[in-house]
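Q: Just so it is clear, I am handing over input.cif, which has mmCIF, N, CA and C atoms.
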data_entry
loop_
_atom_site.label_atom_id
_atom_site.label_comp_id
_atom_site.auth_asym_id
_atom_site.auth_seq_id
_atom_site.Cartn_x
_atom_site.Cartn_y
_atom_site.Cartn_z
N MET A 1 -36.60 19.76 -35.94
CA MET A 1 -35.58 19.34 -35.02
C MET A 1 -34.56 20.47 -34.89
N LYS A 2 -34.03 20.65 -33.67
CA LYS A 2 -33.00 21.66 -33.46
C LYS A 2 -31.65 20.97 -33.25
N VAL A 3 -30.63 21.45 -33.93
CA VAL A 3 -29.27 20.96 -33.77
C VAL A 3 -28.38 22.18 -33.59
N GLY A 4 -27.71 22.24 -32.45
CA GLY A 4 -26.83 23.38 -32.19
C GLY A 4 -27.56 24.70 -32.21
N GLY A 5 -28.84 24.68 -31.78
CA GLY A 5 -29.61 25.91 -31.72
C GLY A 5 -30.27 26.30 -33.03
N GLN A 6 -30.08 25.52 -34.11
CA GLN A 6 -30.67 25.83 -35.40
C GLN A 6 -31.69 24.76 -35.76
N VAL A 7 -32.73 25.18 -36.45
CA VAL A 7 -33.76 24.24 -36.89
C VAL A 7 -33.24 23.53 -38.14
N VAL A 8 -33.30 22.18 -38.13
CA VAL A 8 -32.82 21.37 -39.24
C VAL A 8 -33.95 20.44 -39.67
N ASP A 9 -34.20 20.37 -40.95
CA ASP A 9 -35.23 19.49 -41.49
C ASP A 9 -34.53 18.24 -42.03
N CYS A 10 -34.81 17.08 -41.38
CA CYS A 10 -34.18 15.86 -41.85
C CYS A 10 -35.00 14.66 -41.41
N ASP A 11 -34.77 13.55 -42.07
CA ASP A 11 -35.44 12.30 -41.74
C ASP A 11 -34.46 11.30 -41.15
N ALA A 12 -33.36 11.77 -40.62
CA ALA A 12 -32.33 10.88 -40.08
C ALA A 12 -32.69 10.42 -38.68
N HIS A 13 -32.16 9.29 -38.31
CA HIS A 13 -32.31 8.80 -36.94
C HIS A 13 -31.20 9.39 -36.10
N VAL A 14 -31.50 9.71 -34.86
CA VAL A 14 -30.53 10.29 -33.95
C VAL A 14 -30.21 9.28 -32.87
N PHE A 15 -28.94 9.02 -32.66
CA PHE A 15 -28.48 8.12 -31.60
C PHE A 15 -27.63 8.93 -30.63
N TYR A 16 -27.84 8.70 -29.34
CA TYR A 16 -27.04 9.36 -28.32
C TYR A 16 -26.07 8.35 -27.75
N VAL A 17 -24.83 8.74 -27.64
CA VAL A 17 -23.79 7.85 -27.13
C VAL A 17 -23.29 8.41 -25.81
N ASN A 18 -23.29 7.57 -24.80
CA ASN A 18 -22.75 7.95 -23.50
C ASN A 18 -21.27 7.62 -23.51
N SER A 19 -20.42 8.62 -23.64
CA SER A 19 -18.98 8.38 -23.76
C SER A 19 -18.33 8.02 -22.45
N SER A 20 -19.06 8.12 -21.34
CA SER A 20 -18.46 7.78 -20.05
C SER A 20 -18.88 6.39 -19.60
N GLY A 21 -19.35 5.54 -20.51
CA GLY A 21 -19.74 4.19 -20.15
C GLY A 21 -21.14 4.18 -19.55
N THR A 22 -21.45 3.13 -18.82
CA THR A 22 -22.79 3.00 -18.27
C THR A 22 -22.89 3.51 -16.85
N GLY A 23 -21.81 3.93 -16.27
CA GLY A 23 -21.82 4.44 -14.90
C GLY A 23 -22.29 5.88 -14.85
N GLY A 24 -22.21 6.47 -13.66
CA GLY A 24 -22.67 7.82 -13.47
C GLY A 24 -21.61 8.87 -13.70
N GLY A 25 -20.48 8.52 -14.27
CA GLY A 25 -19.40 9.48 -14.51
C GLY A 25 -18.14 9.05 -13.80
N PRO A 26 -17.08 9.86 -13.90
CA PRO A 26 -15.80 9.47 -13.31
C PRO A 26 -15.83 9.52 -11.78
N PRO A 27 -14.97 8.74 -11.17
CA PRO A 27 -14.87 8.78 -9.71
C PRO A 27 -14.18 10.06 -9.24
N THR A 28 -14.21 10.28 -7.95
CA THR A 28 -13.47 11.40 -7.34
C THR A 28 -12.51 10.82 -6.32
N ILE A 29 -11.43 11.54 -6.07
CA ILE A 29 -10.44 11.10 -5.09
C ILE A 29 -9.91 12.31 -4.34
N THR A 30 -9.61 12.11 -3.07
CA THR A 30 -9.08 13.17 -2.22
C THR A 30 -7.97 12.62 -1.34
N ILE A 31 -6.88 13.38 -1.22
CA ILE A 31 -5.84 13.06 -0.24
C ILE A 31 -6.21 13.82 1.03
N THR A 32 -6.37 13.09 2.14
CA THR A 32 -6.78 13.72 3.39
C THR A 32 -5.62 13.90 4.37
N ASP A 33 -4.54 13.16 4.21
CA ASP A 33 -3.39 13.27 5.09
C ASP A 33 -2.18 12.71 4.37
N PRO A 34 -1.08 13.45 4.32
CA PRO A 34 -0.83 14.74 4.95
C PRO A 34 -1.56 15.88 4.23
N ASP A 35 -1.48 17.05 4.82
CA ASP A 35 -2.06 18.23 4.22
C ASP A 35 -1.09 18.84 3.21
N ASP A 36 -1.64 19.52 2.21
CA ASP A 36 -0.82 20.24 1.25
C ASP A 36 0.03 21.26 2.00
N GLY A 37 1.34 21.26 1.74
CA GLY A 37 2.24 22.21 2.37
C GLY A 37 2.87 21.73 3.67
N ASP A 38 2.51 20.54 4.13
CA ASP A 38 3.11 20.03 5.37
C ASP A 38 4.61 19.86 5.21
N VAL A 39 5.33 20.03 6.33
CA VAL A 39 6.76 19.75 6.41
C VAL A 39 6.89 18.58 7.38
N VAL A 40 7.56 17.52 6.95
CA VAL A 40 7.72 16.33 7.78
C VAL A 40 9.19 16.05 7.99
N ASP A 41 9.51 15.36 9.09
CA ASP A 41 10.90 15.05 9.38
C ASP A 41 11.22 13.56 9.21
N ASP A 42 10.31 12.81 8.61
CA ASP A 42 10.52 11.38 8.36
C ASP A 42 10.31 11.13 6.87
N GLU A 43 11.25 10.44 6.25
CA GLU A 43 11.11 10.18 4.81
C GLU A 43 10.04 9.13 4.50
N ASP A 44 9.67 8.31 5.47
CA ASP A 44 8.64 7.30 5.29
C ASP A 44 7.34 7.76 5.93
N ILE A 45 6.34 8.02 5.10
CA ILE A 45 5.04 8.45 5.61
C ILE A 45 3.95 7.59 4.96
N THR A 46 2.76 7.67 5.50
CA THR A 46 1.61 7.01 4.90
C THR A 46 0.62 8.07 4.45
N VAL A 47 0.24 7.99 3.18
CA VAL A 47 -0.73 8.91 2.60
C VAL A 47 -2.12 8.28 2.77
N HIS A 48 -3.09 9.08 3.22
CA HIS A 48 -4.47 8.61 3.43
C HIS A 48 -5.40 9.43 2.56
N GLY A 49 -6.54 8.82 2.19
CA GLY A 49 -7.51 9.55 1.41
C GLY A 49 -8.83 8.83 1.28
N HIS A 50 -9.70 9.42 0.45
CA HIS A 50 -11.03 8.87 0.19
C HIS A 50 -11.26 8.88 -1.32
N ALA A 51 -12.04 7.92 -1.80
CA ALA A 51 -12.46 7.87 -3.20
C ALA A 51 -13.92 7.46 -3.24
N SER A 52 -14.63 7.97 -4.24
CA SER A 52 -16.03 7.57 -4.42
C SER A 52 -16.36 7.62 -5.91
N ASP A 53 -17.45 6.95 -6.26
CA ASP A 53 -17.89 6.89 -7.65
C ASP A 53 -19.38 7.18 -7.68
N PRO A 54 -19.84 8.02 -8.63
CA PRO A 54 -21.27 8.32 -8.71
C PRO A 54 -22.08 7.04 -8.96
N PRO A 55 -23.33 7.02 -8.51
CA PRO A 55 -24.19 5.85 -8.73
C PRO A 55 -24.37 5.55 -10.22
N GLY A 56 -24.48 4.29 -10.54
CA GLY A 56 -24.70 3.84 -11.91
C GLY A 56 -24.64 2.32 -11.95
N PRO A 57 -25.03 1.71 -13.06
CA PRO A 57 -25.06 0.25 -13.15
C PRO A 57 -23.71 -0.42 -12.89
N ASN A 58 -22.63 0.18 -13.36
CA ASN A 58 -21.30 -0.38 -13.14
C ASN A 58 -20.50 0.47 -12.18
N SER A 59 -21.18 1.08 -11.26
CA SER A 59 -20.56 1.99 -10.31
C SER A 59 -19.62 1.24 -9.38
N GLY A 60 -18.60 1.92 -8.92
CA GLY A 60 -17.70 1.36 -7.93
C GLY A 60 -16.25 1.60 -8.28
N ILE A 61 -15.45 1.72 -7.25
CA ILE A 61 -14.01 1.93 -7.42
C ILE A 61 -13.35 0.60 -7.74
N ASP A 62 -12.56 0.59 -8.80
CA ASP A 62 -11.83 -0.62 -9.21
C ASP A 62 -10.36 -0.53 -8.83
N GLN A 63 -9.78 0.67 -8.94
CA GLN A 63 -8.35 0.85 -8.66
C GLN A 63 -8.09 2.22 -8.04
N ILE A 64 -7.11 2.27 -7.16
CA ILE A 64 -6.63 3.53 -6.60
C ILE A 64 -5.11 3.49 -6.69
N HIS A 65 -4.53 4.59 -7.21
CA HIS A 65 -3.09 4.66 -7.40
C HIS A 65 -2.52 5.92 -6.77
N VAL A 66 -1.27 5.81 -6.34
CA VAL A 66 -0.53 6.94 -5.77
C VAL A 66 0.85 6.96 -6.42
N ARG A 67 1.37 8.16 -6.64
CA ARG A 67 2.76 8.27 -7.09
C ARG A 67 3.41 9.48 -6.45
N VAL A 68 4.74 9.43 -6.41
CA VAL A 68 5.53 10.50 -5.80
C VAL A 68 6.49 11.05 -6.85
N ASN A 69 6.50 12.36 -6.99
CA ASN A 69 7.44 13.06 -7.87
C ASN A 69 7.43 12.53 -9.30
N GLY A 70 6.24 12.22 -9.83
CA GLY A 70 6.12 11.79 -11.22
C GLY A 70 6.60 10.38 -11.49
N GLY A 71 6.83 9.60 -10.45
CA GLY A 71 7.27 8.22 -10.62
C GLY A 71 6.14 7.33 -11.11
N SER A 72 6.33 6.04 -10.99
CA SER A 72 5.32 5.07 -11.42
C SER A 72 4.12 5.10 -10.49
N TRP A 73 2.94 4.89 -11.07
CA TRP A 73 1.73 4.78 -10.26
C TRP A 73 1.81 3.47 -9.48
N GLN A 74 1.56 3.54 -8.18
CA GLN A 74 1.56 2.37 -7.30
C GLN A 74 0.15 2.13 -6.79
N PRO A 75 -0.30 0.87 -6.75
CA PRO A 75 -1.64 0.61 -6.21
C PRO A 75 -1.68 0.90 -4.70
N ALA A 76 -2.71 1.58 -4.29
CA ALA A 76 -2.90 1.90 -2.87
C ALA A 76 -3.61 0.74 -2.17
N ASP A 77 -3.48 0.68 -0.85
CA ASP A 77 -4.18 -0.31 -0.04
C ASP A 77 -5.56 0.22 0.30
N TRP A 78 -6.61 -0.59 0.03
CA TRP A 78 -7.98 -0.19 0.34
C TRP A 78 -8.86 -1.42 0.38
N ASP A 79 -9.98 -1.27 1.04
CA ASP A 79 -10.96 -2.35 1.13
C ASP A 79 -12.11 -2.06 0.19
N PRO A 80 -12.39 -2.98 -0.75
CA PRO A 80 -13.52 -2.76 -1.67
C PRO A 80 -14.82 -2.60 -0.90
N GLY A 81 -15.70 -1.83 -1.44
CA GLY A 81 -17.01 -1.59 -0.83
C GLY A 81 -17.79 -0.62 -1.68
N THR A 82 -18.88 -0.16 -1.16
CA THR A 82 -19.69 0.82 -1.87
C THR A 82 -19.63 2.15 -1.14
N GLY A 83 -20.04 3.19 -1.83
CA GLY A 83 -20.00 4.52 -1.22
C GLY A 83 -18.59 5.07 -1.25
N THR A 84 -18.21 5.77 -0.20
CA THR A 84 -16.88 6.37 -0.10
C THR A 84 -15.89 5.34 0.45
N ILE A 85 -14.80 5.18 -0.26
CA ILE A 85 -13.75 4.21 0.10
C ILE A 85 -12.61 4.96 0.79
N SER A 86 -12.13 4.43 1.90
CA SER A 86 -10.92 4.96 2.53
C SER A 86 -9.72 4.16 2.02
N TRP A 87 -8.62 4.85 1.76
CA TRP A 87 -7.43 4.18 1.27
C TRP A 87 -6.20 4.75 1.94
N GLU A 88 -5.10 4.02 1.83
CA GLU A 88 -3.82 4.50 2.35
C GLU A 88 -2.70 3.85 1.56
N GLU A 89 -1.55 4.51 1.56
CA GLU A 89 -0.38 3.96 0.88
C GLU A 89 0.88 4.51 1.53
N PRO A 90 1.75 3.61 2.03
CA PRO A 90 3.04 4.06 2.55
C PRO A 90 3.94 4.49 1.39
N ILE A 91 4.61 5.61 1.54
CA ILE A 91 5.50 6.10 0.49
C ILE A 91 6.81 6.56 1.12
N GLU A 92 7.81 6.72 0.27
CA GLU A 92 9.10 7.25 0.71
C GLU A 92 9.34 8.57 -0.01
N LEU A 93 9.67 9.60 0.76
CA LEU A 93 9.89 10.94 0.23
C LEU A 93 11.36 11.18 -0.05
N ASP A 94 11.63 12.07 -1.01
CA ASP A 94 12.98 12.58 -1.23
C ASP A 94 13.17 13.79 -0.32
N GLU A 95 14.41 14.10 0.02
CA GLU A 95 14.65 15.30 0.82
C GLU A 95 14.27 16.52 -0.02
N GLY A 96 13.57 17.46 0.61
CA GLY A 96 13.08 18.65 -0.09
C GLY A 96 11.61 18.52 -0.42
N ASP A 97 11.17 19.23 -1.47
CA ASP A 97 9.76 19.23 -1.87
C ASP A 97 9.40 17.95 -2.62
N ASN A 98 8.20 17.43 -2.34
CA ASN A 98 7.70 16.21 -2.97
C ASN A 98 6.28 16.42 -3.45
N LEU A 99 6.03 16.04 -4.70
CA LEU A 99 4.69 16.09 -5.27
C LEU A 99 4.07 14.71 -5.11
N ILE A 100 2.94 14.65 -4.39
CA ILE A 100 2.21 13.40 -4.18
C ILE A 100 0.90 13.50 -4.96
N GLU A 101 0.63 12.49 -5.79
CA GLU A 101 -0.57 12.49 -6.63
C GLU A 101 -1.36 11.21 -6.39
N ALA A 102 -2.67 11.31 -6.52
CA ALA A 102 -3.55 10.15 -6.37
C ALA A 102 -4.62 10.20 -7.45
N ARG A 103 -5.04 9.00 -7.90
CA ARG A 103 -6.13 8.90 -8.87
C ARG A 103 -6.93 7.64 -8.58
N ALA A 104 -8.18 7.63 -9.04
CA ALA A 104 -9.06 6.46 -8.89
C ALA A 104 -9.60 6.10 -10.26
N ILE A 105 -9.85 4.81 -10.46
CA ILE A 105 -10.43 4.29 -11.69
C ILE A 105 -11.63 3.43 -11.31
N ASP A 106 -12.76 3.64 -12.00
CA ASP A 106 -13.95 2.86 -11.67
C ASP A 106 -14.08 1.64 -12.59
N PHE A 107 -15.13 0.85 -12.38
CA PHE A 107 -15.33 -0.38 -13.15
C PHE A 107 -15.64 -0.12 -14.62
N ASP A 108 -16.01 1.11 -14.98
CA ASP A 108 -16.22 1.49 -16.38
C ASP A 108 -14.94 2.04 -17.00
N GLU A 109 -13.84 2.00 -16.26
CA GLU A 109 -12.53 2.51 -16.66
C GLU A 109 -12.50 4.03 -16.80
N ASN A 110 -13.44 4.72 -16.12
CA ASN A 110 -13.37 6.18 -16.01
C ASN A 110 -12.30 6.50 -14.98
N THR A 111 -11.47 7.48 -15.28
CA THR A 111 -10.41 7.89 -14.36
C THR A 111 -10.74 9.24 -13.75
N SER A 112 -10.52 9.35 -12.45
CA SER A 112 -10.77 10.61 -11.75
C SER A 112 -9.76 11.66 -12.19
N SER A 113 -10.05 12.90 -11.86
CA SER A 113 -9.02 13.93 -11.93
C SER A 113 -7.95 13.58 -10.91
N ILE A 114 -6.74 13.97 -11.18
CA ILE A 114 -5.64 13.70 -10.24
C ILE A 114 -5.69 14.73 -9.13
N HIS A 115 -5.64 14.24 -7.88
CA HIS A 115 -5.53 15.15 -6.74
C HIS A 115 -4.06 15.17 -6.34
N GLU A 116 -3.51 16.35 -6.19
CA GLU A 116 -2.09 16.45 -5.85
C GLU A 116 -1.87 17.39 -4.68
N ILE A 117 -0.83 17.07 -3.93
CA ILE A 117 -0.38 17.92 -2.83
C ILE A 117 1.13 17.97 -2.86
N GLU A 118 1.70 18.97 -2.19
CA GLU A 118 3.14 19.04 -2.02
C GLU A 118 3.47 18.92 -0.54
N VAL A 119 4.46 18.10 -0.26
CA VAL A 119 4.93 17.89 1.11
C VAL A 119 6.45 18.03 1.09
N GLU A 120 6.98 18.74 2.07
CA GLU A 120 8.43 18.90 2.17
C GLU A 120 8.98 17.94 3.22
N TYR A 121 10.02 17.20 2.84
CA TYR A 121 10.73 16.36 3.80
C TYR A 121 12.01 17.09 4.18
N ASP A 122 12.09 17.49 5.46
CA ASP A 122 13.26 18.16 6.01
C ASP A 122 13.62 17.49 7.32
N PRO A 123 14.64 16.61 7.30
CA PRO A 123 14.97 15.85 8.51
C PRO A 123 15.46 16.72 9.67
N ASP A 124 15.80 17.98 9.41
CA ASP A 124 16.35 18.84 10.47
C ASP A 124 15.33 19.73 11.15
N THR A 125 14.05 19.72 10.71
CA THR A 125 13.08 20.66 11.26
C THR A 125 12.27 20.12 12.42
N GLY A 126 12.16 18.84 12.55
CA GLY A 126 11.26 18.29 13.55
C GLY A 126 9.87 18.11 12.99
N GLY A 127 9.60 18.70 11.81
CA GLY A 127 8.32 18.50 11.10
C GLY A 127 7.14 19.16 11.75
N SER A 128 6.08 19.34 10.94
CA SER A 128 4.84 19.89 11.46
C SER A 128 3.77 18.83 11.49
N ASN A 129 4.13 17.60 11.11
CA ASN A 129 3.17 16.52 11.07
C ASN A 129 3.77 15.25 11.59
#
Output the file's structure as structure tokens, nothing else.

A:
Amino acid sequence: MKVGGQVVDCDAHVFYVNSSGTGGGPPTITITDPDDGDVVDDEDITVHGHASDPPGPNSGIDQIHVRVNGGSWQPADWDPGTGTISWEEPIELDEGDNLIEARAIDFDENTSSIHEIEVEYDPDTGGSN
């Protein structure tokens, strides 16, 4: 038997543990609107995006959250389904630069990497979005 590239002589039983649950791995999430670096002239905007989860026995998106400037995670609005899920969440921006983050959690409680963008709220510019 080889362990870590070395031959090992043993009579032990080997068990493999899937640390990511029974699904196909963590979900993915993307913010599609606004774009990173956008300047907006309205403090109230709606963030849009997509989330998906790899195939597996317990596959599927269970939760989608959004937060602004490191605040509390807020549940996003979305319709359950299979495949790629579209979601949206109305948020309120502070004047100046704003960090918007999104994450997804699947039915196996795997959490996606956080997708983040920065959006500037400047009421005097007329905005680019």

Q: Please identify all polymer residues within 5 Å of segment 94-96 of chain A, counting all atoms listed in the file, omitting same-chain residues fewer than 2 positions from it, and present them as a ChimeraX atom specification.

A: /A:92,98,120-121

Q: So that I can see what lies close to Ala51 of chain A, please list as a list in words the residues with an atom at most 6 Å from it, counting all atoms listed in the file and leaving out residues fewer than 2 positions away in the same chain.

A: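 Residues meeting the cut-off are Thr28, Ile29, Thr30, Gly49, Asp53, Gly83, Thr84, Ile85, Ser86 and Trp87 of chain A.
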
Q: Taking the file above as input, evaluate the PyMOL selection byres ((chain A and resi 60-62) around 5) and report the hits as a VMD selection string.

A: chain A and resid 58 to 59 63 to 64 105 to 107

Q: How would the residues just picked look written out with N, CA and C atoms as a PDB file, in the frame of the given file?

A:
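Contents of result27.pdb, as written:
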ATOM      1  N   ASN A  58     -22.630   0.180 -13.360  1.00  0.00           N
ATOM      2  CA  ASN A  58     -21.300  -0.380 -13.140  1.00  0.00           C
ATOM      3  C   ASN A  58     -20.500   0.470 -12.180  1.00  0.00           C
ATOM      4  N   SER A  59     -21.180   1.080 -11.260  1.00  0.00           N
ATOM      5  CA  SER A  59     -20.560   1.990 -10.310  1.00  0.00           C
ATOM      6  C   SER A  59     -19.620   1.240  -9.380  1.00  0.00           C
ATOM      7  N   GLN A  63      -9.780   0.670  -8.940  1.00  0.00           N
ATOM      8  CA  GLN A  63      -8.350   0.850  -8.660  1.00  0.00           C
ATOM      9  C   GLN A  63      -8.090   2.220  -8.040  1.00  0.00           C
ATOM     10  N   ILE A  64      -7.110   2.270  -7.160  1.00  0.00           N
ATOM     11  CA  ILE A  64      -6.630   3.530  -6.600  1.00  0.00           C
ATOM     12  C   ILE A  64      -5.110   3.490  -6.690  1.00  0.00           C
ATOM     13  N   ILE A 105      -9.850   4.810 -10.460  1.00  0.00           N
ATOM     14  CA  ILE A 105     -10.430   4.290 -11.690  1.00  0.00           C
ATOM     15  C   ILE A 105     -11.630   3.430 -11.310  1.00  0.00           C
ATOM     16  N   ASP A 106     -12.760   3.640 -12.000  1.00  0.00           N
ATOM     17  CA  ASP A 106     -13.950   2.860 -11.670  1.00  0.00           C
ATOM     18  C   ASP A 106     -14.080   1.640 -12.590  1.00  0.00           C
ATOM     19  N   PHE A 107     -15.130   0.850 -12.380  1.00  0.00           N
ATOM     20  CA  PHE A 107     -15.330  -0.380 -13.150  1.00  0.00           C
ATOM     21  C   PHE A 107     -15.640  -0.120 -14.620  1.00  0.00           C
TER      22      PHE A 107
END

Q: Go through segment 51-120 of chain A and collect every residue that DSSP, computed from the backbone, puts in strand (DSSP E or B); the answer should be as a ChimeraX atom specification.

A: /A:51-52,61-68,74-75,77-78,85-92,96-106,111,115-120

Q: Store the residues picked out above in a file with N, CA and C atoms, as a compact mmCIF listing (two decimals), in the frame of the given file.

A:
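So part_18.txt came out as:
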# COMPACT_ATOMS: atom_id res chain seq x y z
N ALA A 51 -12.04 7.92 -1.80
CA ALA A 51 -12.46 7.87 -3.20
C ALA A 51 -13.92 7.46 -3.24
N SER A 52 -14.63 7.97 -4.24
CA SER A 52 -16.03 7.57 -4.42
C SER A 52 -16.36 7.62 -5.91
N ILE A 61 -15.45 1.72 -7.25
CA ILE A 61 -14.01 1.93 -7.42
C ILE A 61 -13.35 0.60 -7.74
N ASP A 62 -12.56 0.59 -8.80
CA ASP A 62 -11.83 -0.62 -9.21
C ASP A 62 -10.36 -0.53 -8.83
N GLN A 63 -9.78 0.67 -8.94
CA GLN A 63 -8.35 0.85 -8.66
C GLN A 63 -8.09 2.22 -8.04
N ILE A 64 -7.11 2.27 -7.16
CA ILE A 64 -6.63 3.53 -6.60
C ILE A 64 -5.11 3.49 -6.69
N HIS A 65 -4.53 4.59 -7.21
CA HIS A 65 -3.09 4.66 -7.40
C HIS A 65 -2.52 5.92 -6.77
N VAL A 66 -1.27 5.81 -6.34
CA VAL A 66 -0.53 6.94 -5.77
C VAL A 66 0.85 6.96 -6.42
N ARG A 67 1.37 8.16 -6.64
CA ARG A 67 2.76 8.27 -7.09
C ARG A 67 3.41 9.48 -6.45
N VAL A 68 4.74 9.43 -6.41
CA VAL A 68 5.53 10.50 -5.80
C VAL A 68 6.49 11.05 -6.85
N GLN A 74 1.56 3.54 -8.18
CA GLN A 74 1.56 2.37 -7.30
C GLN A 74 0.15 2.13 -6.79
N PRO A 75 -0.30 0.87 -6.75
CA PRO A 75 -1.64 0.61 -6.21
C PRO A 75 -1.68 0.90 -4.70
N ASP A 77 -3.48 0.68 -0.85
CA ASP A 77 -4.18 -0.31 -0.04
C ASP A 77 -5.56 0.22 0.30
N TRP A 78 -6.61 -0.59 0.03
CA TRP A 78 -7.98 -0.19 0.34
C TRP A 78 -8.86 -1.42 0.38
N ILE A 85 -14.80 5.18 -0.26
CA ILE A 85 -13.75 4.21 0.10
C ILE A 85 -12.61 4.96 0.79
N SER A 86 -12.13 4.43 1.90
CA SER A 86 -10.92 4.96 2.53
C SER A 86 -9.72 4.16 2.02
N TRP A 87 -8.62 4.85 1.76
CA TRP A 87 -7.43 4.18 1.27
C TRP A 87 -6.20 4.75 1.94
N GLU A 88 -5.10 4.02 1.83
CA GLU A 88 -3.82 4.50 2.35
C GLU A 88 -2.70 3.85 1.56
N GLU A 89 -1.55 4.51 1.56
CA GLU A 89 -0.38 3.96 0.88
C GLU A 89 0.88 4.51 1.53
N PRO A 90 1.75 3.61 2.03
CA PRO A 90 3.04 4.06 2.55
C PRO A 90 3.94 4.49 1.39
N ILE A 91 4.61 5.61 1.54
CA ILE A 91 5.50 6.10 0.49
C ILE A 91 6.81 6.56 1.12
N GLU A 92 7.81 6.72 0.27
CA GLU A 92 9.10 7.25 0.71
C GLU A 92 9.34 8.57 -0.01
N GLY A 96 13.57 17.46 0.61
CA GLY A 96 13.08 18.65 -0.09
C GLY A 96 11.61 18.52 -0.42
N ASP A 97 11.17 19.23 -1.47
CA ASP A 97 9.76 19.23 -1.87
C ASP A 97 9.40 17.95 -2.62
N ASN A 98 8.20 17.43 -2.34
CA ASN A 98 7.70 16.21 -2.97
C ASN A 98 6.28 16.42 -3.45
N LEU A 99 6.03 16.04 -4.70
CA LEU A 99 4.69 16.09 -5.27
C LEU A 99 4.07 14.71 -5.11
N ILE A 100 2.94 14.65 -4.39
CA ILE A 100 2.21 13.40 -4.18
C ILE A 100 0.90 13.50 -4.96
N GLU A 101 0.63 12.49 -5.79
CA GLU A 101 -0.57 12.49 -6.63
C GLU A 101 -1.36 11.21 -6.39
N ALA A 102 -2.67 11.31 -6.52
CA ALA A 102 -3.55 10.15 -6.37
C ALA A 102 -4.62 10.20 -7.45
N ARG A 103 -5.04 9.00 -7.90
CA ARG A 103 -6.13 8.90 -8.87
C ARG A 103 -6.93 7.64 -8.58
N ALA A 104 -8.18 7.63 -9.04
CA ALA A 104 -9.06 6.46 -8.89
C ALA A 104 -9.60 6.10 -10.26
N ILE A 105 -9.85 4.81 -10.46
CA ILE A 105 -10.43 4.29 -11.69
C ILE A 105 -11.63 3.43 -11.31
N ASP A 106 -12.76 3.64 -12.00
CA ASP A 106 -13.95 2.86 -11.67
C ASP A 106 -14.08 1.64 -12.59
N THR A 111 -11.47 7.48 -15.28
CA THR A 111 -10.41 7.89 -14.36
C THR A 111 -10.74 9.24 -13.75
N HIS A 115 -5.64 14.24 -7.88
CA HIS A 115 -5.53 15.15 -6.74
C HIS A 115 -4.06 15.17 -6.34
N GLU A 116 -3.51 16.35 -6.19
CA GLU A 116 -2.09 16.45 -5.85
C GLU A 116 -1.87 17.39 -4.68
N ILE A 117 -0.83 17.07 -3.93
CA ILE A 117 -0.38 17.92 -2.83
C ILE A 117 1.13 17.97 -2.86
N GLU A 118 1.70 18.97 -2.19
CA GLU A 118 3.14 19.04 -2.02
C GLU A 118 3.47 18.92 -0.54
N VAL A 119 4.46 18.10 -0.26
CA VAL A 119 4.93 17.89 1.11
C VAL A 119 6.45 18.03 1.09
N GLU A 120 6.98 18.74 2.07
CA GLU A 120 8.43 18.90 2.17
C GLU A 120 8.98 17.94 3.22

Q: Here is a test: counting only N, CA and C atoms, which residue of A:Ser113, A:Thr46, A:Glu101, A:Pro123 is nearest to Pro27 of chain A?

A: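 For Pro27 of chain A, the nearest of the candidates is A:Ser113.
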